[in-house]
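Q: Sharing a structure here in structure tokens format.
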Amino acid sequence: MRVLVIPLPYPTHLMAMVPLCWALRTSGHEVLIACPPEVRATAHAAGLTTVDVPGHEEAPATTIRLRFPLPAFGERYTDAGRDLWRATADSVVRDSLDRLADYRAVAESWRPSLLLVDVCALVGRVLGGLLDVPVAAHRWGVDPTAGPFTERARELLDLPEPTLVLDPCPPGLQAVDAPPGRPVQFVPYNGSGTVPGWSTPPPGVRRICVCMGRMVLDTTGPAPLRRAVAAATAVPGTQTVVAVSREHRRWLADLPADVLVAESVPLNLFLDTCAAVVCAGGSGTALTATRFGVPQLVLPQYFDQFDYARNLAAAGAGLALPDGDSQSDHDLLTGSLAALLDDSGFASAAAKLGDEIAEMPRPTEVVRALEHV
């Protein structure tokens, strides 16, 4: 097969697809990433071949900054939630139409037999319909696009259904209204790097990892990160590891001497040494923690993160603070982390979810299904 991959222009979304791309390559298939500049380095670090397509334009300086968190994203059947998701669809559809000609030129030149597309890369589904090429839509994790997002997208586009939907999210964590997909095991891949010398914690010390995610912090600014770090470092008898990108490292001044900073270190190299994780619920961090069976304190900010936070808490594998007031309460944050560490029930439930992921079909098994699409 010749598989043309169409990701969103966000590194973590491509990372979710990398293990399947590797499985396709090792099964003898050709894989080409239609690659915006924003994810070119990520694709090349994973050993994947790319072809350039235009990326996103920078938002104008006059763009109004929203106040995060935005809980309406988790309430999409309320008036506020519906409006927010419909506006999101407007933006995605506009971007798809702007770039359709570029992607079509690539596809007509390379002539793929299958399109592997991010579930929100609607341009891929449109392209599949135009060229009569089957489409496998790959979810990055929790999929909240049923309901108002999809309804609005269909109002604006002739949007064919994908031939197959691939779902790496364990069923207990998936959005309740997400249509069924074909399970594919989530394989933690958070980029390439070197195992840090501190990867093994000192004996008897419980380690807390804070990772709010690059995409989140690019949007929200430093407040969620600083609050999470302040709470983690206040829990007695623990060691804090802050996973952060190089550009956001500057927001962490005056850290206690015993705090470890994992600057651009892949989470899968050390997250299994942690007793708890503080995150926003973005799929790269959240599903890596889930795969390793690590309890989580989730501070959702937007999009799918509220569904993930709610479902993880319902599964007993973590706690969620879904609104601005609770996320700004230092004592509540610290107490929630202490509860995660002291109540073994959270670790047991998290380990059960990790086992569920391990039992899902591996990417190499899913390749067999793709070969018959």
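Chain labels follow the order of the structure tokens: the first chain is A, the next B, and so on; residue numbering restarts at 1 in every chain, and ligands are counted from 1 in their shown order.
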Can you write out as JSON lines which residues of range 249-307 of chain A fall within 10 Å of range 155-175 of chain A, alongside each residue's closest atom pair and its distance in Å to one decimal, counting only C-alpha atoms and ordering rows by chain and ascending residue number?

A:
{"residue": "A:Ser283", "atom": "CA", "partner": "A:Cys169", "partner_atom": "CA", "distance": 9.0}
{"residue": "A:Leu287", "atom": "CA", "partner": "A:Cys169", "partner_atom": "CA", "distance": 7.8}
{"residue": "A:Thr290", "atom": "CA", "partner": "A:Pro170", "partner_atom": "CA", "distance": 9.5}
{"residue": "A:Arg291", "atom": "CA", "partner": "A:Pro170", "partner_atom": "CA", "distance": 9.7}
{"residue": "A:Asp304", "atom": "CA", "partner": "A:Ala175", "partner_atom": "CA", "distance": 8.5}
{"residue": "A:Phe306", "atom": "CA", "partner": "A:Ala175", "partner_atom": "CA", "distance": 9.8}
{"residue": "A:Asp307", "atom": "CA", "partner": "A:Ala175", "partner_atom": "CA", "distance": 6.1}

Q: Mind checking which residues fall within 12 Å of Ala136 in chain A, counting only C-alpha atoms, ignoring those fewer than 6 positions away in the same chain, and posting them as a PyMOL selection string?

A: chain A and resi 3-7+17+20+113-122+124-125+128+160-167+181-182+366-367+369-373

Q: What parts of range 284-361 of chain A does DSSP call alpha helix (DSSP H)? I'd like the answer as a PyMOL selection string.

A: chain A and resi 284-291+305-314+324-327+330-342+344-358

Q: List as a list in words the protein and nucleic acid residues near range 301-303 of chain A, meaning an atom at most 9 Å away when only C-alpha atoms are counted, but skip any in the same chain fewer than 3 places from it.

A: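 Neighbouring residues, sequence-local ones excluded: Phe68, Pro69, Leu70, Pro71, Ala72, Phe73, Gly74, Trp85, Pro144, Val216, Thr220, Pro224, Ala280, Gly281, Phe306, Asp307, Pro322 and Asp323 of chain A.
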
Q: Write the residues of the preceding selection, restricted to C-alpha atoms, as a PDB file, in the first residue's frame.

A:
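The resulting file, result_7.pdb, is reproduced below:
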ATOM      1  CA  PHE A  68      -9.104  29.412  30.509  1.00  0.00           C
ATOM      2  CA  PRO A  69     -10.282  26.918  31.534  1.00  0.00           C
ATOM      3  CA  LEU A  70     -13.325  26.786  29.257  1.00  0.00           C
ATOM      4  CA  PRO A  71     -15.670  24.196  30.862  1.00  0.00           C
ATOM      5  CA  ALA A  72     -18.288  24.737  28.148  1.00  0.00           C
ATOM      6  CA  PHE A  73     -16.141  22.470  25.938  1.00  0.00           C
ATOM      7  CA  GLY A  74     -17.161  19.635  28.267  1.00  0.00           C
ATOM      8  CA  TRP A  85     -18.094  23.584  19.320  1.00  0.00           C
ATOM      9  CA  PRO A 144     -15.560  14.795  21.512  1.00  0.00           C
ATOM     10  CA  VAL A 216      -1.967  23.968  26.340  1.00  0.00           C
ATOM     11  CA  THR A 220      -3.242  29.567  28.251  1.00  0.00           C
ATOM     12  CA  PRO A 224      -1.779  26.593  34.984  1.00  0.00           C
ATOM     13  CA  ALA A 280      -4.398  19.100  31.568  1.00  0.00           C
ATOM     14  CA  GLY A 281      -5.736  15.862  30.101  1.00  0.00           C
ATOM     15  CA  PHE A 306     -13.015  17.828  30.060  1.00  0.00           C
ATOM     16  CA  ASP A 307     -14.399  14.511  28.781  1.00  0.00           C
ATOM     17  CA  PRO A 322     -12.636  21.251  35.977  1.00  0.00           C
ATOM     18  CA  ASP A 323     -13.154  24.944  36.677  1.00  0.00           C
TER      19      ASP A 323
END

Q: Phe346 in chain A: which residues within 12 Å, counting only C-alpha atoms, same-chain residues fewer than 6 positions away excluded, as a list in words?

A: Ala275, Ala276, Val277, Thr290, Gly293, Val294, Pro295, Gln296, Leu297, Leu312, Ala313, Ala314, Ala315, Gly316, Ala317, Gly318, Leu319, Ser336, Leu337, Ala338, Ala339, Leu340, Lys352 and Leu353 of chain A

Q: Which residues in range 168-372 of chain A does DSSP call strand (DSSP E)? List them as a PyMOL selection string.

A: chain A and resi 182-183+206-211+238-244+260-263+276-279+296-298+318-320

Q: What is the distance, in Å and to one decimal place, between CA of Arg86 in chain A and CA of Arg152 in chain A?

A: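 The value is 5.7 Å.
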
Q: Out of A:Pro180, A:Pro363, A:Pro266, A:Pro36, which residue has the shortest atom-to-atom distance to Tyr103 in chain A when counting only C-alpha atoms?

A: A:Pro36

Q: Excluding His248 in chain A and its own-chain neighbours fewer than 6 positions away, which residues fall within 10 Å of it when counting only C-alpha atoms? Please give them as JSON, numbers by chain.

A: {"A": [213, 214, 217, 218, 221, 222, 225, 263]}

Q: Leu48 in chain A: which residues within 9 Å, counting only C-alpha atoms, same-chain residues fewer than 2 positions away excluded, as a CSV table (one decimal) with N, CA and C atoms, in the first residue's frame?

A:
chain,number,residue,atom,x,y,z
A,18,VAL,N,2.3,7.9,15.1
A,18,VAL,CA,3.7,7.4,14.7
A,18,VAL,C,3.8,5.9,14.9
A,21,CYS,N,2.3,4.3,12.0
A,21,CYS,CA,3.2,4.5,10.8
A,21,CYS,C,4.4,3.6,10.8
A,22,TRP,N,5.0,3.4,11.9
A,22,TRP,CA,6.1,2.4,12.0
A,22,TRP,C,5.6,1.0,11.6
A,31,VAL,N,4.9,4.9,3.4
A,31,VAL,CA,4.2,5.9,4.2
A,31,VAL,C,4.8,7.3,3.9
A,32,LEU,N,3.9,8.3,3.6
A,32,LEU,CA,4.4,9.6,3.4
A,32,LEU,C,3.5,10.6,4.2
A,33,ILE,N,4.1,11.5,5.0
A,33,ILE,CA,3.4,12.4,5.8
A,33,ILE,C,3.2,13.7,5.0
A,42,THR,N,9.1,16.8,14.0
A,42,THR,CA,8.5,15.6,14.7
A,42,THR,C,8.5,14.4,13.8
A,43,ALA,N,8.1,14.6,12.6
A,43,ALA,CA,8.1,13.5,11.6
A,43,ALA,C,9.5,13.0,11.4
A,44,HIS,N,10.4,13.9,11.1
A,44,HIS,CA,11.8,13.4,10.8
A,44,HIS,C,12.4,12.8,12.0
A,45,ALA,N,12.2,13.3,13.2
A,45,ALA,CA,12.7,12.6,14.4
A,45,ALA,C,12.2,11.2,14.6
A,46,ALA,N,11.0,10.9,14.1
A,46,ALA,CA,10.5,9.6,14.1
A,46,ALA,C,10.9,8.7,13.0
A,50,THR,N,8.5,12.9,4.6
A,50,THR,CA,7.5,14.0,4.5
A,50,THR,C,7.5,14.6,3.1
